[in-house]
Amino acid sequence: MIVDFHTHIFPPEVRERREEYLRRDPTFAEMYGDPKAVIASLDDRLRSMEQAGVDVSVALGFAWADHELCLRHNDYLLEAAAMSRGRIVPFCTINPAVGEAAAREAARCAAAGARGLGELRPESQGWSLADSDEGQNLATVAREHGLILLFHVTEPVGHDYPGKRGLPVDQFYRFASRQEDIAIVGAHLGGGLPFSAETPGLRRLFHRVYFDTAAAPYLYEPDVYGRVAAHAGAERILMGSDFPLIAQVRQIEAVRRGGLDEKAQRLVLGANAERLLKLGREQ
């Protein structure tokens, strides 16, 4: 089984009324202000999956600052998952800054089949993850409903690009190191966190946290997958394309050529995600 753990789809109205949404959300404007930036739908996703041989894709929400926009996006994700007959796994979106309303929305989404929350971008939504009420409330919601948390994690160095900001790697580390009973995924190979493997305490963190490969061909050298596996273990890496930013078939090929042996490739391309998402098992 091949599982893409990091993809994006939007309700059709976002593509049809892009200018309106650009005005309503600064982060969306930063990432999708360029008319060439692709806004994908469920149909786009399913076509890509057929072409790339992907069995299951996790469809992530967008970190809207407006709670109402989170609700609309979540409705679409849940509907898309239902229509896909199991091929789309929904991760819904909330803004913890709105307080109890966010907790209610997480509970609603979990009851409707959401498996996680993401892609979470605290700085884009106006809240702090580490040492905050919002961060603690988020952990409580995930614990109560068995939800996986997936965070955009910003690498501290390297080139700038639209959407780079979202969550500094040090805040991700501080939060994740204090959560021992919830599943946490650091997108974009955790902002490079695995390369700090010799730092005291990080080895213990690697037994609990996962790292997805979203946008890795834009951020790292081609052999990064083997190097991350050497630091954190291949069993902690999840193949994610960041589709439509990167074609799913391109990301799969990058993993296959990225310095992993055959066993590690099987883990990264699907077995790890299959285990984490409990695919094929009753919830």
# chains A, B, ... in the order shown; residues from 1 in each chain; ligands from 1

call {"tool": "select_by_dssp", "arguments": {"residues": "segment 13-220 of chain A", "states": "strand (DSSP E)", "output": "number ranges by chain"}}
result
A: 56-60, 88-92, 116-120, 148-151, 184-186, 209-212

call {"tool": "closest_atom_pairs", "arguments": {"of": "segment 12-81 of chain A", "to": "segment 94-100 of chain A", "cutoff": "12 Å", "atoms": "only C-alpha atoms", "output": "tab-separated table"}}
result
residue	atom	partner	partner_atom	distance
A:Leu60	CA	A:Ile94	CA	11.3
A:Gly61	CA	A:Ile94	CA	8.5
A:Phe62	CA	A:Ile94	CA	8.8
A:Ala63	CA	A:Ile94	CA	7.1
A:Trp64	CA	A:Asn95	CA	7.1
A:Ala65	CA	A:Asn95	CA	6.3
A:Asp66	CA	A:Asn95	CA	7.7
A:His67	CA	A:Asn95	CA	6.5
A:Glu68	CA	A:Ile94	CA	9.7
A:Leu69	CA	A:Ile94	CA	9.4
A:Cys70	CA	A:Ile94	CA	5.9
A:Leu71	CA	A:Ile94	CA	8.0
A:Arg72	CA	A:Ile94	CA	10.9
A:His73	CA	A:Ile94	CA	9.9
A:Asn74	CA	A:Ile94	CA	8.8

call {"tool": "write_last_selection", "arguments": {"atoms": "N, CA and C atoms", "output": "PDB file, in the first residue's frame"}}
result
ATOM      1  N   LEU A  60      -5.449  17.421   3.998  1.00  0.00           N
ATOM      2  CA  LEU A  60      -5.307  18.347   5.117  1.00  0.00           C
ATOM      3  C   LEU A  60      -6.121  19.615   4.910  1.00  0.00           C
ATOM      4  N   GLY A  61      -6.562  20.167   6.012  1.00  0.00           N
ATOM      5  CA  GLY A  61      -7.212  21.463   5.967  1.00  0.00           C
ATOM      6  C   GLY A  61      -6.188  22.585   5.880  1.00  0.00           C
ATOM      7  N   PHE A  62      -6.674  23.805   5.688  1.00  0.00           N
ATOM      8  CA  PHE A  62      -5.819  24.986   5.653  1.00  0.00           C
ATOM      9  C   PHE A  62      -5.988  25.741   6.966  1.00  0.00           C
ATOM     10  N   ALA A  63      -4.919  26.370   7.410  1.00  0.00           N
ATOM     11  CA  ALA A  63      -4.934  27.060   8.702  1.00  0.00           C
ATOM     12  C   ALA A  63      -5.593  28.439   8.586  1.00  0.00           C
ATOM     13  N   TRP A  64      -6.891  28.437   8.326  1.00  0.00           N
ATOM     14  CA  TRP A  64      -7.626  29.696   8.260  1.00  0.00           C
ATOM     15  C   TRP A  64      -7.656  30.366   9.627  1.00  0.00           C
ATOM     16  N   ALA A  65      -7.509  31.676   9.641  1.00  0.00           N
ATOM     17  CA  ALA A  65      -7.643  32.407  10.902  1.00  0.00           C
ATOM     18  C   ALA A  65      -9.107  32.547  11.297  1.00  0.00           C
ATOM     19  N   ASP A  66      -9.988  32.649  10.309  1.00  0.00           N
ATOM     20  CA  ASP A  66     -11.425  32.819  10.535  1.00  0.00           C
ATOM     21  C   ASP A  66     -12.062  31.468  10.844  1.00  0.00           C
ATOM     22  N   HIS A  67     -12.711  31.360  11.986  1.00  0.00           N
ATOM     23  CA  HIS A  67     -13.335  30.105  12.392  1.00  0.00           C
ATOM     24  C   HIS A  67     -14.371  29.624  11.384  1.00  0.00           C
ATOM     25  N   GLU A  68     -15.115  30.535  10.801  1.00  0.00           N
ATOM     26  CA  GLU A  68     -16.140  30.154   9.830  1.00  0.00           C
ATOM     27  C   GLU A  68     -15.520  29.500   8.596  1.00  0.00           C
ATOM     28  N   LEU A  69     -14.375  29.985   8.171  1.00  0.00           N
ATOM     29  CA  LEU A  69     -13.705  29.374   7.031  1.00  0.00           C
ATOM     30  C   LEU A  69     -13.199  27.970   7.379  1.00  0.00           C
ATOM     31  N   CYS A  70     -12.785  27.782   8.614  1.00  0.00           N
ATOM     32  CA  CYS A  70     -12.407  26.434   9.053  1.00  0.00           C
ATOM     33  C   CYS A  70     -13.595  25.481   8.924  1.00  0.00           C
ATOM     34  N   LEU A  71     -14.760  25.932   9.366  1.00  0.00           N
ATOM     35  CA  LEU A  71     -15.950  25.084   9.297  1.00  0.00           C
ATOM     36  C   LEU A  71     -16.274  24.695   7.861  1.00  0.00           C
ATOM     37  N   ARG A  72     -16.231  25.656   6.944  1.00  0.00           N
ATOM     38  CA  ARG A  72     -16.555  25.377   5.544  1.00  0.00           C
ATOM     39  C   ARG A  72     -15.576  24.371   4.941  1.00  0.00           C
ATOM     40  N   HIS A  73     -14.303  24.577   5.241  1.00  0.00           N
ATOM     41  CA  HIS A  73     -13.295  23.667   4.699  1.00  0.00           C
ATOM     42  C   HIS A  73     -13.476  22.261   5.272  1.00  0.00           C
ATOM     43  N   ASN A  74     -13.762  22.187   6.548  1.00  0.00           N
ATOM     44  CA  ASN A  74     -13.961  20.879   7.181  1.00  0.00           C
ATOM     45  C   ASN A  74     -15.146  20.140   6.574  1.00  0.00           C
TER      46      ASN A  74
END

call {"tool": "residues_around", "arguments": {"residues": "segment 174-187 of chain A", "least_positions_apart": "6", "cutoff": "8 Å", "atoms": "only C-alpha atoms", "output": "MDAnalysis selection string"}}
result
chainID A and resid 6 129:131 135 139 142:143 146:153 205 208:214

call {"tool": "write_last_selection", "arguments": {"atoms": "C-alpha atoms", "output": "short mmCIF file (atom, residue, chain, number, x, y, z; two decimals), in the first residue's frame"}}
result
data_model
loop_
_atom_site.label_atom_id
_atom_site.label_comp_id
_atom_site.auth_asym_id
_atom_site.auth_seq_id
_atom_site.Cartn_x
_atom_site.Cartn_y
_atom_site.Cartn_z
CA HIS A 6 0.34 15.25 3.21
CA LEU A 129 2.03 26.44 20.57
CA ALA A 130 4.52 26.03 23.38
CA ASP A 131 3.72 27.05 26.96
CA GLY A 135 -1.34 24.47 22.98
CA ALA A 139 -3.33 18.47 23.22
CA ALA A 142 -6.34 15.34 20.50
CA ARG A 143 -6.15 13.08 23.53
CA GLY A 146 -7.75 10.12 19.44
CA LEU A 147 -6.70 12.67 16.82
CA ILE A 148 -3.28 12.93 15.20
CA LEU A 149 -1.77 16.43 15.16
CA LEU A 150 0.13 17.49 12.04
CA PHE A 151 2.09 20.75 12.17
CA HIS A 152 3.77 22.81 9.52
CA VAL A 153 7.31 23.16 10.90
CA LEU A 205 11.44 12.23 21.17
CA ARG A 208 7.07 9.22 19.55
CA VAL A 209 7.10 11.79 16.74
CA TYR A 210 6.74 11.25 12.99
CA PHE A 211 8.16 13.38 10.17
CA ASP A 212 6.55 13.73 6.75
CA THR A 213 8.44 14.42 3.55
CA ALA A 214 6.18 17.18 2.18
#

call {"tool": "atom_distance", "arguments": {"atom1": "atom CA of Val58 of chain A", "atom2": "atom CA of Asp4 of chain A"}}
result
6.2 Å

call {"tool": "closest_residue", "arguments": {"among": "A:Asp223, A:Glu105, A:Glu119, A:Asp170", "to": "Asp242 of chain A", "atoms": "only C-alpha atoms"}}
result
A:Glu119

call {"tool": "closest_atom_pairs", "arguments": {"of": "segment 110-171 of chain A", "to": "segment 8-25 of chain A", "cutoff": "12 Å", "atoms": "only C-alpha atoms", "output": "tab-separated table"}}
result
residue	atom	partner	partner_atom	distance
A:Gly118	CA	A:His8	CA	10.3
A:Glu119	CA	A:His8	CA	9.1
A:Ser124	CA	A:Asp25	CA	9.5
A:Gln125	CA	A:Asp25	CA	9.5
A:Gly126	CA	A:Asp25	CA	11.9

call {"tool": "closest_residue", "arguments": {"among": "A:Ala40, A:Ala110, A:Val56, A:Ala216", "to": "Ile88 of chain A", "atoms": "only C-alpha atoms"}}
result
A:Val56

call {"tool": "residues_around", "arguments": {"residues": "Lys164 of chain A", "least_positions_apart": "5", "cutoff": "12 Å", "atoms": "only C-alpha atoms", "output": "NGL selection string"}}
result
:A and (27 or 30-31 or 121 or 123-124 or 152-159 or 169 or 187-188 or 191 or 215 or 218-219)

call {"tool": "write_last_selection", "arguments": {"atoms": "C-alpha atoms", "output": "compact mmCIF listing (two decimals), in the first residue's frame"}}
result
# COMPACT_ATOMS: atom_id res chain seq x y z
CA THR A 27 -1.60 33.46 4.90
CA GLU A 30 0.81 34.77 0.74
CA MET A 31 0.61 31.20 -0.53
CA ARG A 121 0.22 26.71 11.62
CA GLU A 123 1.89 31.68 13.95
CA SER A 124 -0.34 32.08 10.90
CA HIS A 152 3.77 22.81 9.52
CA VAL A 153 7.31 23.16 10.90
CA THR A 154 9.61 25.87 9.60
CA GLU A 155 13.28 25.12 9.00
CA PRO A 156 15.32 27.91 10.64
CA VAL A 157 17.74 28.42 7.73
CA GLY A 158 17.67 28.21 3.95
CA HIS A 159 15.85 30.17 1.29
CA VAL A 169 11.13 24.25 15.02
CA ALA A 187 5.67 18.26 8.32
CA HIS A 188 8.55 19.04 5.96
CA GLY A 191 11.96 21.60 9.89
CA ALA A 215 7.99 19.51 -0.23
CA TYR A 218 12.36 21.88 -2.70
CA LEU A 219 14.04 22.00 0.70

call {"tool": "decode", "arguments": {"residues": "segment 187-250 of chain A", "atoms": "C-alpha atoms", "output": "compact mmCIF listing (two decimals), in the first residue's frame"}}
result
# COMPACT_ATOMS: atom_id res chain seq x y z
CA ALA A 187 5.67 18.26 8.32
CA HIS A 188 8.55 19.04 5.96
CA LEU A 189 10.80 16.59 7.81
CA GLY A 190 10.15 18.48 11.01
CA GLY A 191 11.96 21.60 9.89
CA GLY A 192 15.21 19.62 9.95
CA LEU A 193 14.79 18.56 13.57
CA PRO A 194 16.11 15.01 12.92
CA PHE A 195 19.52 16.47 12.08
CA SER A 196 19.88 17.51 15.72
CA ALA A 197 19.85 13.86 16.75
CA GLU A 198 22.89 14.14 19.00
CA THR A 199 21.22 16.78 21.17
CA PRO A 200 20.40 15.28 24.61
CA GLY A 201 16.75 14.24 24.83
CA LEU A 202 16.01 14.14 21.12
CA ARG A 203 16.52 10.40 20.80
CA ARG A 204 13.61 9.85 23.20
CA LEU A 205 11.44 12.23 21.17
CA PHE A 206 12.10 10.26 17.99
CA HIS A 207 10.34 7.25 19.49
CA ARG A 208 7.07 9.22 19.55
CA VAL A 209 7.10 11.79 16.74
CA TYR A 210 6.74 11.25 12.99
CA PHE A 211 8.16 13.38 10.17
CA ASP A 212 6.55 13.73 6.75
CA THR A 213 8.44 14.42 3.55
CA ALA A 214 6.18 17.18 2.18
CA ALA A 215 7.99 19.51 -0.23
CA ALA A 216 11.33 17.84 0.57
CA PRO A 217 12.59 18.08 -3.04
CA TYR A 218 12.36 21.88 -2.70
CA LEU A 219 14.04 22.00 0.70
CA TYR A 220 16.72 19.33 0.95
CA GLU A 221 19.30 17.37 -1.04
CA PRO A 222 18.08 14.20 -2.82
CA ASP A 223 19.68 11.84 -0.28
CA VAL A 224 17.87 13.43 2.68
CA TYR A 225 15.57 10.43 3.24
CA GLY A 226 18.41 8.06 4.01
CA ARG A 227 20.06 10.61 6.29
CA VAL A 228 16.85 11.24 8.25
CA ALA A 229 16.33 7.49 8.58
CA ALA A 230 19.84 7.18 10.02
CA HIS A 231 19.05 9.80 12.66
CA ALA A 232 15.40 9.18 13.53
CA GLY A 233 14.68 5.73 12.08
CA ALA A 234 12.85 4.85 8.87
CA GLU A 235 9.83 3.85 10.94
CA ARG A 236 9.27 7.52 11.85
CA ILE A 237 9.12 8.86 8.27
CA LEU A 238 5.86 9.32 6.34
CA MET A 239 5.81 9.93 2.61
CA GLY A 240 3.99 13.19 1.92
CA SER A 241 4.00 15.08 -1.36
CA ASP A 242 2.36 18.41 -0.45
CA PHE A 243 0.24 17.87 -3.59
CA PRO A 244 -0.51 19.88 -5.68
CA LEU A 245 2.74 21.71 -4.91
CA ILE A 246 4.66 18.57 -5.87
CA ALA A 247 3.28 15.79 -8.04
CA GLN A 248 2.68 12.59 -6.11
CA VAL A 249 4.57 10.50 -8.64
CA ARG A 250 7.59 12.80 -8.27
